[in-house]
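Dumped target09.txt below, it's compact mmCIF, C-alpha atoms and all ligand atoms:
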# COMPACT_ATOMS: atom_id res chain seq x y z
CA MET A 259 -6.95 -29.58 -20.84
CA SER A 260 -4.85 -27.49 -18.45
CA LEU A 261 -6.57 -25.80 -15.56
CA THR A 262 -5.82 -22.35 -16.95
CA ASN A 263 -7.50 -23.19 -20.23
CA ARG A 264 -10.49 -24.69 -18.46
CA ILE A 265 -10.92 -21.51 -16.43
CA LEU A 266 -10.58 -19.30 -19.50
CA LEU A 267 -13.05 -21.42 -21.42
CA ALA A 268 -15.47 -21.24 -18.50
CA MET A 269 -15.16 -17.44 -18.53
CA LEU A 270 -15.97 -17.30 -22.20
CA ALA A 271 -18.90 -19.69 -21.81
CA GLY A 272 -20.20 -17.63 -18.88
CA VAL A 273 -20.05 -14.38 -20.83
CA LEU A 274 -21.79 -16.01 -23.81
CA LEU A 275 -24.55 -17.66 -21.79
CA GLY A 276 -25.04 -14.46 -19.78
CA SER A 277 -25.34 -12.34 -22.92
CA VAL A 278 -27.86 -14.77 -24.45
CA LEU A 279 -29.86 -14.78 -21.20
CA ASN A 280 -29.77 -10.99 -21.16
CA ILE A 281 -31.44 -10.91 -24.58
CA LEU A 282 -33.94 -13.66 -23.71
CA LEU A 283 -34.91 -11.99 -20.45
CA GLN A 284 -35.80 -8.72 -22.09
CA GLY A 285 -39.56 -8.25 -22.38
CA GLY A 286 -41.18 -9.48 -25.60
CA VAL A 287 -38.61 -12.13 -26.58
CA LEU A 288 -40.12 -15.07 -24.66
CA PRO A 289 -43.66 -15.63 -23.35
CA GLU A 290 -43.95 -13.89 -19.97
CA GLY A 291 -44.35 -17.13 -17.92
CA MET A 292 -41.26 -18.67 -19.45
CA ARG A 293 -39.27 -15.50 -19.00
CA ALA A 294 -40.19 -15.34 -15.30
CA THR A 295 -39.29 -19.02 -14.74
CA LEU A 296 -35.96 -18.63 -16.52
CA HIS A 297 -35.20 -15.55 -14.46
CA SER A 298 -36.09 -17.08 -11.10
CA THR A 299 -34.38 -20.46 -11.63
CA LEU A 300 -31.14 -19.11 -13.07
CA VAL A 301 -30.44 -15.45 -12.59
CA ALA A 302 -32.46 -14.09 -9.67
CA LYS A 303 -31.26 -14.16 -6.06
CA ASN A 304 -31.12 -17.82 -5.00
CA GLY A 305 -31.26 -18.96 -8.61
CA VAL A 306 -28.71 -21.60 -9.65
CA LEU A 307 -26.10 -19.18 -11.02
CA ASP A 308 -26.44 -16.89 -8.01
CA VAL A 309 -26.03 -19.74 -5.50
CA VAL A 310 -23.04 -21.35 -7.26
CA GLY A 311 -21.37 -17.94 -7.66
CA ARG A 312 -21.87 -16.97 -4.03
CA ILE A 313 -20.59 -20.31 -2.75
CA PHE A 314 -17.50 -19.92 -4.92
CA VAL A 315 -16.72 -16.42 -3.66
CA SER A 316 -17.18 -17.57 -0.05
CA LEU A 317 -14.84 -20.50 -0.66
CA LEU A 318 -12.18 -18.08 -1.83
CA LYS A 319 -12.78 -15.59 0.94
CA LEU A 320 -12.63 -18.20 3.67
CA LEU A 321 -8.98 -18.69 2.87
CA VAL A 322 -7.96 -15.06 2.89
CA VAL A 323 -7.55 -14.40 6.62
CA PRO A 324 -5.76 -17.67 7.49
CA LEU A 325 -3.59 -17.39 4.42
CA VAL A 326 -2.54 -13.79 5.01
CA LEU A 327 -1.83 -14.48 8.67
CA VAL A 328 0.13 -17.67 8.21
CA SER A 329 2.01 -16.67 5.10
CA LEU A 330 3.04 -13.32 6.52
CA ILE A 331 4.19 -14.93 9.78
CA CYS A 332 6.30 -17.36 7.76
CA GLY A 333 7.70 -14.56 5.59
CA ALA A 334 8.53 -12.29 8.52
CA SER A 335 9.99 -15.09 10.62
CA SER A 336 12.30 -16.21 7.84
CA LEU A 337 13.58 -12.64 7.51
CA GLY A 338 13.19 -11.36 11.04
CA ASP A 339 16.75 -12.09 12.08
CA SER A 340 18.43 -10.81 8.94
CA ALA A 341 18.92 -7.25 7.85
CA ARG A 342 16.87 -7.84 4.70
CA MET A 343 13.44 -7.05 6.14
CA GLY A 344 13.98 -3.28 5.98
CA PRO A 345 15.13 -3.11 2.35
CA ILE A 346 12.36 -5.44 1.21
CA ALA A 347 9.71 -3.36 2.96
CA ILE A 348 11.13 -0.07 1.65
CA LYS A 349 11.48 -1.28 -1.94
CA THR A 350 8.00 -2.79 -1.94
CA MET A 351 6.31 0.30 -0.53
CA GLY A 352 8.36 2.60 -2.78
CA LEU A 353 7.40 0.69 -5.91
CA TYR A 354 3.75 0.45 -4.88
CA LEU A 355 3.53 4.20 -4.41
CA ALA A 356 5.57 5.05 -7.51
CA THR A 357 3.57 2.79 -9.83
CA THR A 358 0.29 4.18 -8.51
CA ALA A 359 1.45 7.76 -9.03
CA ILE A 360 2.52 6.87 -12.60
CA ALA A 361 -0.87 5.26 -13.16
CA VAL A 362 -2.88 8.34 -12.09
CA SER A 363 -0.61 10.72 -14.02
CA MET A 364 -1.03 8.65 -17.16
CA ALA A 365 -4.78 8.50 -16.66
CA LEU A 366 -4.94 12.30 -16.33
CA LEU A 367 -2.80 12.78 -19.41
CA PHE A 368 -4.76 10.33 -21.61
CA ALA A 369 -8.08 11.70 -20.42
CA SER A 370 -7.03 15.29 -21.10
CA LEU A 371 -6.07 14.28 -24.64
CA VAL A 372 -9.23 12.27 -25.35
CA ASP A 373 -11.77 14.64 -23.72
CA PRO A 374 -14.20 11.85 -22.75
CA GLY A 375 -16.66 14.27 -21.14
CA ALA A 376 -16.85 16.69 -24.06
CA HIS A 377 -20.35 15.83 -25.35
CA VAL A 378 -22.00 14.39 -22.27
CA GLU A 379 -25.00 16.16 -20.74
CA VAL A 380 -25.39 16.58 -16.98
CA PRO A 381 -28.50 14.60 -16.06
CA GLY A 382 -31.19 16.71 -14.35
CA ALA A 383 -31.46 14.72 -11.14
CA ALA A 384 -28.36 12.82 -10.20
CA ASN A 385 -29.34 10.23 -7.61
CA PHE A 386 -25.99 9.41 -6.03
CA HIS A 387 -25.69 9.76 -2.29
CA PRO A 388 -22.05 10.07 -1.38
CA VAL A 389 -20.70 8.26 1.67
CA PRO A 390 -18.04 10.39 3.37
CA PRO A 391 -14.66 8.63 3.27
CA PRO A 392 -12.82 8.19 6.60
CA PRO A 393 -10.18 10.82 7.45
CA LEU A 394 -6.65 9.67 6.61
CA ALA A 395 -5.52 9.92 10.25
CA ASP A 396 -8.16 7.35 11.17
CA VAL A 397 -6.87 5.05 8.47
CA LEU A 398 -3.39 5.22 10.03
CA VAL A 399 -4.56 4.67 13.60
CA ASP A 400 -6.82 1.89 12.42
CA MET A 401 -3.83 -0.07 11.11
CA VAL A 402 -2.84 -1.18 14.60
CA PRO A 403 -5.20 -3.78 16.07
CA SER A 404 -6.16 -3.51 19.72
CA ASN A 405 -7.59 -7.01 19.44
CA PRO A 406 -6.07 -9.30 16.81
CA VAL A 407 -8.88 -11.83 17.12
CA ARG A 408 -11.44 -9.17 16.30
CA ALA A 409 -9.25 -7.96 13.42
CA MET A 410 -9.36 -11.47 11.99
CA ALA A 411 -13.06 -11.92 12.61
CA GLU A 412 -13.77 -8.66 10.82
CA GLY A 413 -11.22 -9.34 8.06
CA LYS A 414 -9.29 -6.09 8.69
CA MET A 415 -6.36 -6.74 6.40
CA LEU A 416 -3.95 -4.00 7.45
CA GLN A 417 -4.45 -4.90 11.12
CA ILE A 418 -3.80 -8.57 10.37
CA ILE A 419 -0.66 -7.61 8.45
CA VAL A 420 0.71 -5.57 11.37
CA PHE A 421 -0.05 -8.37 13.85
CA ALA A 422 1.45 -11.09 11.65
CA LEU A 423 4.63 -9.07 11.05
CA LEU A 424 5.07 -8.68 14.79
CA VAL A 425 4.52 -12.38 15.47
CA GLY A 426 6.89 -13.39 12.66
CA TYR A 427 9.58 -11.00 13.87
CA ALA A 428 9.23 -12.31 17.43
CA ILE A 429 9.40 -15.93 16.25
CA ALA A 430 12.72 -15.20 14.58
CA ARG A 431 14.10 -13.86 17.84
CA SER A 432 12.74 -16.57 20.17
CA GLY A 433 15.42 -19.24 19.73
CA GLU A 434 14.36 -22.86 20.05
CA GLN A 435 10.71 -22.10 20.86
CA GLY A 436 10.59 -19.76 17.89
CA ARG A 437 11.91 -22.49 15.61
CA ARG A 438 9.25 -24.92 16.79
CA ILE A 439 6.36 -22.53 16.35
CA GLY A 440 7.84 -21.31 13.04
CA SER A 441 7.84 -24.81 11.65
CA PHE A 442 4.21 -25.21 12.75
CA PHE A 443 3.25 -22.15 10.70
CA ARG A 444 5.23 -23.39 7.69
CA ASP A 445 3.34 -26.70 7.81
CA MET A 446 0.13 -24.78 8.15
CA GLU A 447 0.98 -22.72 5.10
CA ALA A 448 1.55 -25.84 3.02
CA VAL A 449 -1.86 -27.15 4.08
CA ILE A 450 -3.63 -23.88 3.23
CA MET A 451 -1.90 -23.76 -0.15
CA LYS A 452 -3.19 -27.27 -0.77
CA ILE A 453 -6.72 -26.00 -0.12
CA VAL A 454 -6.10 -23.27 -2.71
CA GLU A 455 -5.14 -25.94 -5.23
CA ILE A 456 -8.22 -28.00 -4.42
CA LEU A 457 -10.41 -24.94 -4.90
CA MET A 458 -8.76 -24.17 -8.23
CA GLU A 459 -10.21 -27.44 -9.49
CA VAL A 460 -13.77 -26.19 -8.98
CA ALA A 461 -12.94 -22.67 -10.15
CA PRO A 462 -14.23 -23.15 -13.73
CA TYR A 463 -17.76 -23.72 -12.37
CA GLY A 464 -17.59 -20.74 -10.06
CA VAL A 465 -16.16 -18.41 -12.68
CA PHE A 466 -18.78 -19.58 -15.17
CA ALA A 467 -21.66 -18.93 -12.75
CA LEU A 468 -20.40 -15.49 -11.70
CA LEU A 469 -19.93 -14.23 -15.23
CA ALA A 470 -23.13 -15.76 -16.61
CA LYS A 471 -25.17 -14.10 -13.88
CA LEU A 472 -23.41 -10.77 -14.28
CA PHE A 473 -23.79 -10.57 -18.03
CA ALA A 474 -27.41 -11.74 -17.79
CA THR A 475 -28.29 -8.84 -15.50
CA MET A 476 -25.96 -6.12 -16.73
CA GLY A 477 -27.34 -3.63 -19.19
CA LEU A 478 -24.59 -3.21 -21.73
CA GLY A 479 -26.52 -0.27 -23.21
CA ALA A 480 -24.95 2.02 -20.60
CA ILE A 481 -21.57 1.48 -22.22
CA LEU A 482 -22.76 3.05 -25.44
CA ASN A 483 -23.78 6.28 -23.71
CA LEU A 484 -20.49 6.48 -21.89
CA ALA A 485 -18.35 4.96 -24.62
CA ALA A 486 -15.66 7.67 -24.54
CA TYR A 487 -15.22 7.38 -20.76
CA PHE A 488 -15.41 3.60 -20.77
CA PHE A 489 -12.87 3.07 -23.53
CA THR A 490 -10.47 5.72 -22.19
CA VAL A 491 -10.34 3.93 -18.82
CA LEU A 492 -10.00 0.59 -20.56
CA ALA A 493 -7.18 1.82 -22.83
CA VAL A 494 -5.17 3.27 -19.93
CA LEU A 495 -5.72 0.12 -17.87
CA LEU A 496 -4.44 -2.11 -20.65
CA PHE A 497 -1.53 0.20 -21.41
CA HIS A 498 -0.50 0.28 -17.76
CA ALA A 499 -0.79 -3.48 -17.30
CA LEU A 500 0.98 -4.53 -20.45
CA VAL A 501 3.38 -1.70 -21.30
CA VAL A 502 4.25 0.04 -18.01
CA TYR A 503 4.56 -3.14 -15.94
CA GLY A 504 6.26 -4.90 -18.84
CA LEU A 505 8.88 -2.15 -19.14
CA LEU A 506 9.38 -1.94 -15.38
CA LEU A 507 9.89 -5.67 -15.10
CA ARG A 508 12.28 -5.77 -18.01
CA GLY A 509 14.13 -2.59 -16.97
CA LEU A 510 14.45 -3.24 -13.24
CA SER A 511 14.93 -7.00 -13.21
CA GLY A 512 15.73 -8.08 -16.78
CA LEU A 513 12.98 -10.72 -16.63
CA SER A 514 10.58 -11.61 -19.44
CA PRO A 515 7.18 -9.92 -19.03
CA THR A 516 5.62 -12.47 -21.40
CA MET A 517 6.32 -15.26 -18.95
CA LEU A 518 4.75 -13.29 -16.12
CA PHE A 519 1.65 -12.43 -18.14
CA ARG A 520 1.30 -16.01 -19.28
CA LYS A 521 1.28 -17.29 -15.71
CA MET A 522 -1.05 -14.51 -14.62
CA ARG A 523 -3.95 -15.77 -16.75
CA PRO A 524 -5.72 -17.76 -14.01
CA VAL A 525 -5.22 -14.87 -11.57
CA TRP A 526 -6.76 -12.47 -14.12
CA ALA A 527 -9.71 -14.83 -14.55
CA PHE A 528 -10.33 -14.81 -10.79
CA ALA A 529 -9.85 -11.04 -10.48
CA PHE A 530 -12.11 -10.39 -13.45
CA SER A 531 -14.94 -12.63 -12.32
CA THR A 532 -14.90 -11.68 -8.63
CA ALA A 533 -13.92 -7.98 -9.04
CA SER A 534 -12.14 -8.33 -5.71
CA SER A 535 -8.38 -8.30 -5.12
CA GLY A 536 -9.17 -9.73 -1.68
CA ALA A 537 -11.06 -12.77 -2.95
CA THR A 538 -8.35 -13.30 -5.57
CA LEU A 539 -5.56 -13.17 -2.97
CA PRO A 540 -5.21 -16.93 -2.37
CA VAL A 541 -4.76 -17.52 -6.09
CA THR A 542 -2.39 -14.57 -6.47
CA LEU A 543 -0.20 -15.78 -3.63
CA ASN A 544 -0.21 -19.33 -4.90
CA THR A 545 0.80 -18.18 -8.39
CA VAL A 546 3.56 -15.88 -7.17
CA GLU A 547 5.15 -18.47 -4.88
CA ARG A 548 4.58 -21.68 -6.82
CA ARG A 549 4.55 -20.60 -10.44
CA LEU A 550 6.73 -17.49 -10.50
CA GLY A 551 9.27 -18.67 -7.94
CA VAL A 552 9.12 -15.73 -5.52
CA HIS A 553 10.31 -16.84 -2.12
CA ASN A 554 7.76 -16.68 0.67
CA SER A 555 9.86 -14.10 2.55
CA VAL A 556 9.01 -11.55 -0.17
CA ALA A 557 5.68 -12.88 -1.49
CA GLY A 558 4.22 -13.42 1.97
CA PHE A 559 4.75 -9.75 2.72
CA SER A 560 4.26 -7.99 -0.60
CA ILE A 561 1.21 -9.81 -1.96
CA PRO A 562 -1.19 -9.44 1.01
CA LEU A 563 0.02 -5.87 1.48
CA GLY A 564 -0.37 -5.11 -2.23
CA ALA A 565 -3.86 -6.61 -2.37
CA THR A 566 -4.80 -4.24 0.43
CA ILE A 567 -3.10 -0.99 -0.52
CA ASN A 568 -1.74 -1.14 -4.07
CA MET A 569 -4.49 -0.37 -6.55
CA ASP A 570 -3.13 1.12 -9.75
CA GLY A 571 -6.23 0.14 -11.73
CA THR A 572 -8.46 1.90 -9.24
CA ALA A 573 -6.26 5.00 -9.37
CA ILE A 574 -6.49 4.99 -13.17
CA MET A 575 -10.28 4.88 -13.07
CA GLN A 576 -10.24 7.73 -10.55
CA GLY A 577 -7.91 9.84 -12.70
CA VAL A 578 -10.00 9.47 -15.86
CA ALA A 579 -13.25 9.91 -13.90
CA THR A 580 -11.99 13.18 -12.39
CA VAL A 581 -11.19 14.66 -15.80
CA PHE A 582 -14.45 13.31 -17.22
CA ILE A 583 -16.59 14.79 -14.43
CA ALA A 584 -14.72 18.10 -14.62
CA GLN A 585 -15.43 18.30 -18.35
CA VAL A 586 -19.09 17.39 -17.97
CA TYR A 587 -19.55 20.10 -15.34
CA GLY A 588 -17.46 22.56 -17.32
CA VAL A 589 -14.76 22.96 -14.65
CA GLU A 590 -11.22 23.77 -15.76
CA LEU A 591 -8.63 21.79 -13.76
CA SER A 592 -5.52 23.84 -12.97
CA MET A 593 -2.04 22.32 -12.82
CA VAL A 594 -2.17 22.49 -9.02
CA ALA A 595 -5.54 20.72 -9.01
CA LEU A 596 -4.14 18.01 -11.28
CA LEU A 597 -1.16 17.49 -8.98
CA SER A 598 -3.44 17.24 -5.98
CA VAL A 599 -5.45 14.63 -7.88
CA VAL A 600 -2.26 12.56 -8.29
CA VAL A 601 -1.62 12.70 -4.55
CA THR A 602 -5.20 12.12 -3.41
CA ALA A 603 -5.90 9.35 -5.94
CA THR A 604 -2.73 7.56 -4.79
CA LEU A 605 -3.88 7.85 -1.17
CA ALA A 606 -7.49 7.03 -2.02
CA SER A 607 -6.44 3.86 -3.76
CA ILE A 608 -4.52 2.86 -0.64
CA GLY A 609 -7.70 3.36 1.37
CA THR A 610 -9.82 1.40 -1.09
CA ALA A 611 -10.93 -1.95 0.30
CA ALA A 612 -10.17 -4.94 -1.91
CA VAL A 613 -13.83 -5.69 -2.64
CA PRO A 614 -16.09 -4.80 -5.58
CA GLY A 615 -17.08 -1.21 -6.17
CA VAL A 616 -15.19 0.55 -3.38
CA GLY A 617 -13.02 2.50 -5.82
CA LEU A 618 -16.12 4.45 -6.74
CA ILE A 619 -16.74 5.40 -3.11
CA THR A 620 -13.19 6.60 -2.49
CA LEU A 621 -13.44 8.58 -5.73
CA SER A 622 -15.50 11.06 -3.73
CA LEU A 623 -12.33 11.92 -1.77
CA VAL A 624 -10.52 12.80 -5.00
CA LEU A 625 -13.42 14.81 -6.39
CA GLN A 626 -13.80 16.78 -3.17
CA GLN A 627 -10.10 17.57 -3.15
CA ALA A 628 -10.31 18.79 -6.74
CA GLY A 629 -13.38 20.91 -5.93
CA LEU A 630 -15.70 18.87 -8.15
CA PRO A 631 -19.28 17.85 -7.40
CA VAL A 632 -19.36 14.43 -5.80
CA GLU A 633 -22.75 13.79 -7.46
CA GLY A 634 -20.75 13.41 -10.67
CA ILE A 635 -20.15 9.81 -9.58
CA ALA A 636 -23.76 9.07 -10.56
CA LEU A 637 -22.73 9.66 -14.18
CA ILE A 638 -20.36 6.72 -14.29
CA ILE A 639 -22.04 4.17 -12.01
CA GLY A 640 -23.70 2.49 -14.99
CA VAL A 641 -20.45 1.18 -16.44
CA ASP A 642 -18.51 0.78 -13.24
CA ARG A 643 -18.96 -2.94 -12.65
CA LEU A 644 -17.34 -3.95 -15.90
CA LEU A 645 -14.48 -1.49 -15.38
CA ASP A 646 -14.17 -2.75 -11.80
CA MET A 647 -13.50 -6.25 -13.13
CA VAL A 648 -10.75 -5.02 -15.43
CA ARG A 649 -9.19 -2.66 -12.91
CA THR A 650 -9.10 -5.41 -10.28
CA ALA A 651 -7.09 -7.52 -12.74
CA VAL A 652 -4.71 -4.57 -13.15
CA ASN A 653 -4.53 -4.10 -9.37
CA VAL A 654 -3.34 -7.66 -8.84
CA THR A 655 -0.93 -7.48 -11.79
CA GLY A 656 0.74 -4.52 -10.07
CA ASP A 657 1.16 -6.50 -6.86
CA VAL A 658 2.67 -9.45 -8.68
CA THR A 659 5.02 -7.35 -10.82
CA VAL A 660 6.38 -5.46 -7.80
CA SER A 661 6.75 -8.68 -5.83
CA VAL A 662 8.81 -10.27 -8.62
CA ILE A 663 10.99 -7.16 -9.05
CA VAL A 664 11.70 -6.93 -5.31
CA ALA A 665 12.36 -10.67 -5.06
CA LYS A 666 14.82 -10.55 -7.95
CA SER A 667 16.70 -7.60 -6.47
CA GLU A 668 16.92 -9.35 -3.09
CA GLN A 669 18.00 -12.72 -4.53
CA GLN A 670 14.70 -14.21 -3.39
CA LEU A 671 13.56 -15.34 -6.82
CA ASP A 672 14.00 -18.86 -8.11
CA GLU A 673 14.59 -18.10 -11.78
CA GLU A 674 14.31 -21.72 -12.78
CA VAL A 675 10.71 -21.76 -11.56
CA TYR A 676 10.07 -18.35 -13.17
CA GLN A 677 11.30 -19.49 -16.56
CA ASP A 678 9.58 -22.88 -16.41
CA PRO A 679 6.36 -22.57 -18.46
CA ALA A 680 4.34 -24.97 -16.29
CA PRO A 681 5.54 -25.25 -12.70
CA GLY A 682 3.13 -25.69 -9.85
CA GLU A 683 0.21 -26.85 -12.01
CA PRO A 684 -1.93 -29.15 -9.88
CA GLY A 685 -0.62 -32.65 -10.39
CA ASP A 686 2.93 -31.37 -10.66
CA PRO A 687 4.98 -33.38 -8.15
CA GLN A 688 6.78 -30.19 -7.10
CA ALA A 689 3.57 -28.32 -6.45
CA GLY A 690 3.50 -29.23 -2.77
CA SER A 691 6.95 -28.01 -1.87
CA PRO A 692 7.94 -24.40 -1.53
CA PRO A 693 10.36 -23.14 -4.17
CA THR A 694 13.93 -23.70 -3.14
CA ILE A 695 16.33 -20.80 -3.36
N1 LIG A 701 -12.57 -3.97 -6.83
C1 LIG A 701 -11.28 -3.38 -6.65
C2 LIG A 701 -10.35 -4.41 -6.04
O1 LIG A 701 -10.78 -5.27 -5.30
C3 LIG A 701 -11.32 -2.14 -5.82
C4 LIG A 701 -12.09 -1.08 -6.55
O2 LIG A 701 -11.48 -0.38 -7.37
O3 LIG A 701 -13.29 -0.94 -6.35
O4 LIG A 701 -9.17 -4.37 -6.30
What does the file become when written as structure tokens?
Amino acid sequence: MSLTNRILLAMLAGVLLGSVLNILLQGGVLPEGMRATLHSTLVAKNGVLDVVGRIFVSLLKLLVVPLVLVSLICGASSLGDSARMGPIAIKTMGLYLATTAIAVSMALLFASLVDPGAHVEVPGAANFHPVPPPPLADVLVDMVPSNPVRAMAEGKMLQIIVFALLVGYAIARSGEQGRRIGSFFRDMEAVIMKIVEILMEVAPYGVFALLAKLFATMGLGAILNLAAYFFTVLAVLLFHALVVYGLLLRGLSGLSPTMLFRKMRPVWAFAFSTASSGATLPVTLNTVERRLGVHNSVAGFSIPLGATINMDGTAIMQGVATVFIAQVYGVELSMVALLSVVVTATLASIGTAAVPGVGLITLSLVLQQAGLPVEGIALIIGVDRLLDMVRTAVNVTGDVTVSVIVAKSEQQLDEEVYQDPAPGEPGDPQAGSPPTI
């Protein structure tokens, strides 16, 4: 069976086992002793599913910093001397911002049509304690590392990106020494990519454990109470991922969206089960370079950057949540307020860290801007984890789509690899070598 199918099957098995456990662990179904044993050996902290899941996420995360650093240095050094770096950066940033603004606008429009908050009561005591988001100026200043080693130790992605771009650019302009050190980083990248492939082999177990534990502990009852909100977010997320990205890809680059979606399946499985664009990054980068044929000069820049700042799925959740909370609290949103939501949600999604649940924290920025009570976030917490999993999958799809579009427009896409249904599968003799342009 192909790796993709094994991962998808593991996802399904995890969801099924988790749902069965959820029923069994409810009081009254099993004798109390048995229920407690089942809970502590499998689901609870340090239970089997918890331990396997946590090890798997750590294995993914351990690759993120070295991979971002090395791959970005390689990308920047292969471009540093040419005039292409500017256009690639401008196109990538432009598309990231434009797609996010489209995503929020669509979310606001859909939500205004569906009225998800129409029949929801404000709970008496909302128990959400908002954390103030950092001022935007701080976010900007914070992009430049004063100590790159600390930036890496703390996993500060934007700082690592800035440092790696500088190193790559300098390598390209350092003549013979630059060539030597550049080839060291290229070798290093090949080795790290090999680790990604090795990890993919154990991914089915990790994905299974994460999903089984989550579905065993998650109360799906909350979805029923918030069905209108939940399904509105879900519908806009799916529409954006399949229709908007599909049309953009077809319209701007003439490439087949079906092929992209087909190769995205393992990435979606990782994004869905970890709910973290950051933890998914090694797999995203591997897929974009090895299976979609985007040259490292574009992928190495756009994918780590996108995982950090481009979050269309998060922006969609924030758009629908704003309309929902406004309706629940009976606040009419003016046109100006709606426009400010588009701007702040776009910025808030940039400031959202690529880890689970942060989109909900930066939502407070959007609500404050729109003059809505931040406590409204308490209303939607119950269903946020499941939506987080789906929106993370949309977030990474946006990064990949933009990367492919930019690569195609800059002649940095190997179309043979893109069109090949199964390149770069582990075991493929070509998998170890970077795509040739
Ligand atoms: N979990 C999301 C991600 O990593 C961020 C969020 O919306 O909370 O992409």
Counting all atoms listed in the file, name the residues that have an atom within 7 Å of an atom of ligand LIG 701 (chain A); the answer should be given as a PyMOL selection string.
-> chain A and resi 533-536+565+569+571-572+610-618+646-647+649-650+653
For Met458 in chain A, which of A:Val501, A:Leu261, A:Leu596, A:Leu416 is the closest residue, counting only C-alpha atoms?
->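 Checking each candidate against Met458 in chain A, we get A:Leu261 as the closest.
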Ala369 in chain A proximity check over A:Val658, A:Ile456, A:Ala579, A:Met522, using only C-alpha atoms: winner is A:Ala579
Exercise: Ala486 in chain A partners within 9 Å, only C-alpha atoms, chain neighbours under 5 positions left out, as a list in words =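 The residues that qualify are Val372, Asp373, Pro374, Gly375, Ile481 and Val491 of chain A.
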Mind dumping the selected residues with C-alpha atoms as a PDB file, in the frame of the given file?
ATOM      1  CA  VAL A 372      -9.230  12.270 -25.350  1.00  0.00           C
ATOM      2  CA  ASP A 373     -11.770  14.640 -23.720  1.00  0.00           C
ATOM      3  CA  PRO A 374     -14.200  11.850 -22.750  1.00  0.00           C
ATOM      4  CA  GLY A 375     -16.660  14.270 -21.140  1.00  0.00           C
ATOM      5  CA  ILE A 481     -21.570   1.480 -22.220  1.00  0.00           C
ATOM      6  CA  VAL A 491     -10.340   3.930 -18.820  1.00  0.00           C
TER       7      VAL A 491
END
For Leu518 in chain A, which residue among A:Leu496, A:Val662, A:Val632, A:Ala268 is the nearest when counting all atoms listed in the file?
-> A:Val662
Shortest contact to Gly352 in chain A, candidates A:Gly609, A:Thr602, A:Arg437, A:Asn568, atoms counted only C-alpha atoms, goes to A:Asn568
Which one of A:Phe314, A:Tyr354, A:Phe442, A:Phe466 sits closest to Leu267 in chain A if you count all atoms listed in the file?
-> A:Phe466
Hey, what's within 12 Å of Asp308 in chain A if we count only C-alpha atoms and toss same-chain stuff fewer than 2 positions away? As a list in words, please?
->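 Answer for this query is His297, Ser298, Thr299, Leu300, Val301, Ala302, Lys303, Asn304, Gly305, Val306, Val310, Gly311, Arg312, Ile313, Phe314, Val315, Tyr463, Gly464, Val465, Phe466, Ala467, Leu468, Leu469, Ala470, Lys471, Leu472, Ala474 and Thr475 of chain A.
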Which residue gives the smallest distance to Gly276 in chain A among A:Ile567, A:Leu355, A:Leu307, A:Val328, with all atoms listed in the file counted?
->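 Answer, going by the shortest atom-to-atom distance: A:Leu307.
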For Ala430 in chain A, please output as a list in words all residues within 9 Å (counting all atoms listed in the file; exclusion window: fewer than 3 positions along the same chain).
-> Ala334, Ser335, Ser336, Leu337, Gly338, Asp339, Val425, Gly426, Tyr427, Gly433, Gly436, Arg437 and Gly440 of chain A
I want to know what sits within 10 Å of Phe488 in chain A, based on all atoms listed in the file, with residues of the same chain fewer than 4 positions away left out; could you give that as a PDB file with C-alpha atoms, in the coordinates of the input?
ATOM      1  CA  PRO A 374     -14.200  11.850 -22.750  1.00  0.00           C
ATOM      2  CA  ALA A 480     -24.950   2.020 -20.600  1.00  0.00           C
ATOM      3  CA  ILE A 481     -21.570   1.480 -22.220  1.00  0.00           C
ATOM      4  CA  LEU A 482     -22.760   3.050 -25.440  1.00  0.00           C
ATOM      5  CA  ASN A 483     -23.780   6.280 -23.710  1.00  0.00           C
ATOM      6  CA  LEU A 484     -20.490   6.480 -21.890  1.00  0.00           C
ATOM      7  CA  LEU A 492     -10.000   0.590 -20.560  1.00  0.00           C
ATOM      8  CA  ALA A 493      -7.180   1.820 -22.830  1.00  0.00           C
ATOM      9  CA  MET A 575     -10.280   4.880 -13.070  1.00  0.00           C
ATOM     10  CA  VAL A 578     -10.000   9.470 -15.860  1.00  0.00           C
ATOM     11  CA  ALA A 579     -13.250   9.910 -13.900  1.00  0.00           C
ATOM     12  CA  ILE A 638     -20.360   6.720 -14.290  1.00  0.00           C
ATOM     13  CA  VAL A 641     -20.450   1.180 -16.440  1.00  0.00           C
ATOM     14  CA  ASP A 642     -18.510   0.780 -13.240  1.00  0.00           C
ATOM     15  CA  LEU A 644     -17.340  -3.950 -15.900  1.00  0.00           C
ATOM     16  CA  LEU A 645     -14.480  -1.490 -15.380  1.00  0.00           C
TER      17      LEU A 645
END
Hey, can you pull every residue with an atom no more than 12 Å from (10.0, -2.4, 0.1), using all atoms listed in the file, and send it as number ranges by chain?
-> A: 342-356, 555-557, 559-561, 563-564, 657, 660-665, 667-668
